[in-house]
Amino acid sequence: MASCTSFPLSSCLIALLSLQMPTEGSGKVDKRNLVILGTKAELRCPLSFWMAPESIEVKWLRTQKSQASQVVHIYQNGQDLYGEQIPQYKGRTALVKDNKEDNFILEIYNVRLEDQGQYYCQIQTGSLSKNATVKLEVAALGLDPYIHMKNYEAGQIELVCRSLGWFPKPQIQWKDAHGEILPSETQYLDKEGLFQMESSITVRGGSPGNMTCSIWNAALGQEKETSLLIADFTPLYIIPSTVGLTVILPLLGLLVAVGIYIIWKQRRSREKLLYQQVVEIENLLSDHGKEKGRLHKGLKKHRAELKLKRSAADAGWRRARLHPVEVTLDPDTAHPKLLLSEDLRSVRLGDKRQNVPDNPKRFDFVVSVLGSPSFTSGCHYWEVCVGDKTKWVLGVCSESVSRKGKITASPSNGHWLLRQSRMNDYEALTSPQISFRLKDSPRRVGIFLDYDAGFVSFYNATNKSHIYTFTHTFSGPLRPFFEPCLHDEGKNVAPLIICSESQSSEEFIYSKLAPETSKGDKVTAGTGNGSIPTKAGRTLQDIVSSWPSDVTPALQGLRAPSF
């Protein structure tokens, strides 16, 4: 304890916990749980949570031979997460906190045969974790056995006992009126994982009394049995005619009575079995209806959430547009290979390094340039025209970021940047990077910085949709960041253009795409066939034809932004 006085209290607490807690892979306790098929299983994690439940992560995994662990249920940050849950357990699990035992209970509803096996429980906070295994066993108690007469021969009767719906494999046996076990022949059939059995015995004349068929489920410790009364009967012989009628007629009457009784018993058993099957079908249809209702409700909720998110994104973009700011490029920070327009609103990558003064502010490895002004408070919104470019990097960075040598862009290094890496592939430069795709590629990107609230949001200004948002507690000045990226075999030579609301869309985009146009050739909006005349009498086509060959292909299909 003396050594902890020089460290923060939280560090000492974590160190003490790491000395008392087992490492991952230890603390496993084998615990068997036997559940009847179709009921609810409660698997108690044999681990106590040592911190507040909202600050820990609880995982229940399914382990099977020759397979990787499968997610059954995840509890994190005080709520249940169902995104990574395997389909087998969708809508069938819940996690309950047992405050008396200081542990968690996993509830599995409508247990199936495939649910039995090993489950892996893990409780984790930070780098500290506990885990254990729990075994689930499933059993099914089948239908009552029923007995019928299969065959009758001179002097003997063959009785058959049948039942279905048992698991695991049960034990079936015959007993006579004295409780003695009789030899029998038994066959087992597998019907969708459940056992169906048929056992037969032969009863000979002179063995009257109750014949009992019993089935024993060892896992549940339960037994079901059915008895059949067999009257004494005499084997048929060829009798002299003098006594034939006195013997044959009573015997025939007895056989008829026995036959009627057996038929009645068998019919009653079949009616009972049919009734049970009808009840099972009705239960299945009811469960199906409930599941369908839950799915419909979930789909309706998902659509409502999606609509709400779209409305929120649209409202966020409209709010951002209320805080426009005029942004220009800072030539003192531009990499030597970057070409900036005279009004410092467009930048593209040149073919060779320019002879520019080296200063501490200039990037010498990353082909980037910063914008002005810098921001230390308030809300600020600007838009950048990216047109049909296939690669670009935009966002904000700290004034104090390194300008020399190779730089790893991440929020921890003072960068909050969005990158287009291919035609429809985008990356948020976090650590690690987050990759995603957009349905519609933006031709104009809106960037909104709320310094005081601590977030940087990116919008597709073409269709007014939200792209991505960084959250951070900012300190120190922030500046706009621009990187037009490499030419990508001639497909990415177009410049990045800072949009301005003080100009019309066509006038703005063409004036920024023509860095070689002289100061006297101010572009104005044109009509008719699309030719845009300048004060010098030159059309836009004349200007474009005079540009370098590596710029013209990139401008094909470029549309003017609209505000």
# chains A, B, ... in the order shown; residues from 1 in each chain; ligands from 1
call {"tool": "select_by_dssp", "arguments": {"residues": "region 263-506 of chain A", "states": "strand (DSSP E or B)", "output": "PyMOL selection string"}}
result
chain A and resi 324+328-329+338-340+346-349+369-372+375+379-385+392-398+415-420+425-428+434-437+444-450+455-460+465-471+478-483+496-498
call {"tool": "atom_distance", "arguments": {"atom1": "CA of Leu159 (chain A)", "atom2": "CA of Ala139 (chain A)"}}
result
28.2 Å
call {"tool": "residues_around", "arguments": {"residues": "Phe375 (chain A)", "least_positions_apart": "4", "cutoff": "9 Å", "atoms": "only C-alpha atoms", "output": "MDAnalysis selection string"}}
result
chainID A and resid 379:380 449 451 476:480
call {"tool": "residues_around", "arguments": {"residues": "Thr125 (chain A)", "least_positions_apart": "6", "cutoff": "7 Å", "atoms": "only C-alpha atoms", "output": "list in words"}}
result
Ser55, Ile56 and Glu57 of chain A
call {"tool": "write_last_selection", "arguments": {"atoms": "N, CA and C atoms", "output": "compact mmCIF listing (two decimals), in the first residue's frame"}}
result
# COMPACT_ATOMS: atom_id res chain seq x y z
N SER A 55 -21.07 -1.14 -15.96
CA SER A 55 -19.71 -0.89 -16.42
C SER A 55 -18.99 -2.15 -16.87
N ILE A 56 -19.68 -3.27 -16.96
CA ILE A 56 -19.03 -4.52 -17.35
C ILE A 56 -19.68 -5.07 -18.60
N GLU A 57 -19.00 -6.01 -19.22
CA GLU A 57 -19.48 -6.69 -20.43
C GLU A 57 -19.65 -8.16 -20.12
call {"tool": "residues_around", "arguments": {"residues": "Leu344 (chain A)", "least_positions_apart": "2", "cutoff": "6 Å", "atoms": "only C-alpha atoms", "output": "ChimeraX atom specification"}}
result
/A:328-329,340-342,346
call {"tool": "write_last_selection", "arguments": {"atoms": "all heavy atoms", "output": "short mmCIF file (atom, residue, chain, number, x, y, z; two decimals), in the first residue's frame"}}
result
data_model
loop_
_atom_site.label_atom_id
_atom_site.label_comp_id
_atom_site.auth_asym_id
_atom_site.auth_seq_id
_atom_site.Cartn_x
_atom_site.Cartn_y
_atom_site.Cartn_z
N THR A 328 -10.36 29.94 -47.16
CA THR A 328 -9.38 30.00 -48.25
C THR A 328 -8.20 29.12 -47.89
O THR A 328 -8.06 28.67 -46.75
CB THR A 328 -8.90 31.45 -48.47
OG1 THR A 328 -8.34 31.94 -47.24
CG2 THR A 328 -10.04 32.33 -48.91
N LEU A 329 -7.35 28.86 -48.88
CA LEU A 329 -6.19 28.00 -48.70
C LEU A 329 -5.00 28.83 -48.22
O LEU A 329 -4.82 29.99 -48.63
CB LEU A 329 -5.84 27.29 -50.01
CG LEU A 329 -6.96 26.41 -50.59
CD1 LEU A 329 -6.55 25.89 -51.95
CD2 LEU A 329 -7.28 25.27 -49.66
N LEU A 340 -2.15 26.00 -56.38
CA LEU A 340 -3.27 26.73 -55.81
C LEU A 340 -3.72 27.80 -56.78
O LEU A 340 -2.89 28.38 -57.53
CB LEU A 340 -2.89 27.37 -54.48
CG LEU A 340 -2.96 26.49 -53.21
CD1 LEU A 340 -2.03 25.30 -53.33
CD2 LEU A 340 -2.63 27.31 -51.98
N SER A 341 -5.04 28.08 -56.83
CA SER A 341 -5.56 29.14 -57.68
C SER A 341 -5.21 30.49 -57.07
O SER A 341 -4.83 30.61 -55.91
CB SER A 341 -7.07 29.00 -57.84
OG SER A 341 -7.70 29.11 -56.58
N GLU A 342 -5.37 31.56 -57.90
CA GLU A 342 -5.00 32.88 -57.43
C GLU A 342 -5.88 33.35 -56.27
O GLU A 342 -5.42 34.05 -55.38
CB GLU A 342 -5.10 33.89 -58.59
CG GLU A 342 -4.04 33.68 -59.67
CD GLU A 342 -4.12 34.75 -60.74
OE1 GLU A 342 -5.00 35.64 -60.61
OE2 GLU A 342 -3.32 34.71 -61.67
N SER A 346 -9.04 26.83 -54.81
CA SER A 346 -8.97 25.50 -55.43
C SER A 346 -7.52 25.02 -55.38
O SER A 346 -6.58 25.81 -55.42
CB SER A 346 -9.48 25.53 -56.87
OG SER A 346 -8.60 26.27 -57.71
#
call {"tool": "closest_residue", "arguments": {"among": "A:Arg443, A:Ile407, A:Arg270, A:Glu399", "to": "Ser475 (chain A)", "atoms": "only C-alpha atoms"}}
result
A:Glu399
call {"tool": "residues_around", "arguments": {"residues": "Ser431 (chain A)", "least_positions_apart": "4", "cutoff": "9 Å", "atoms": "only C-alpha atoms", "output": "MDAnalysis selection string"}}
result
chainID A and resid 409:412
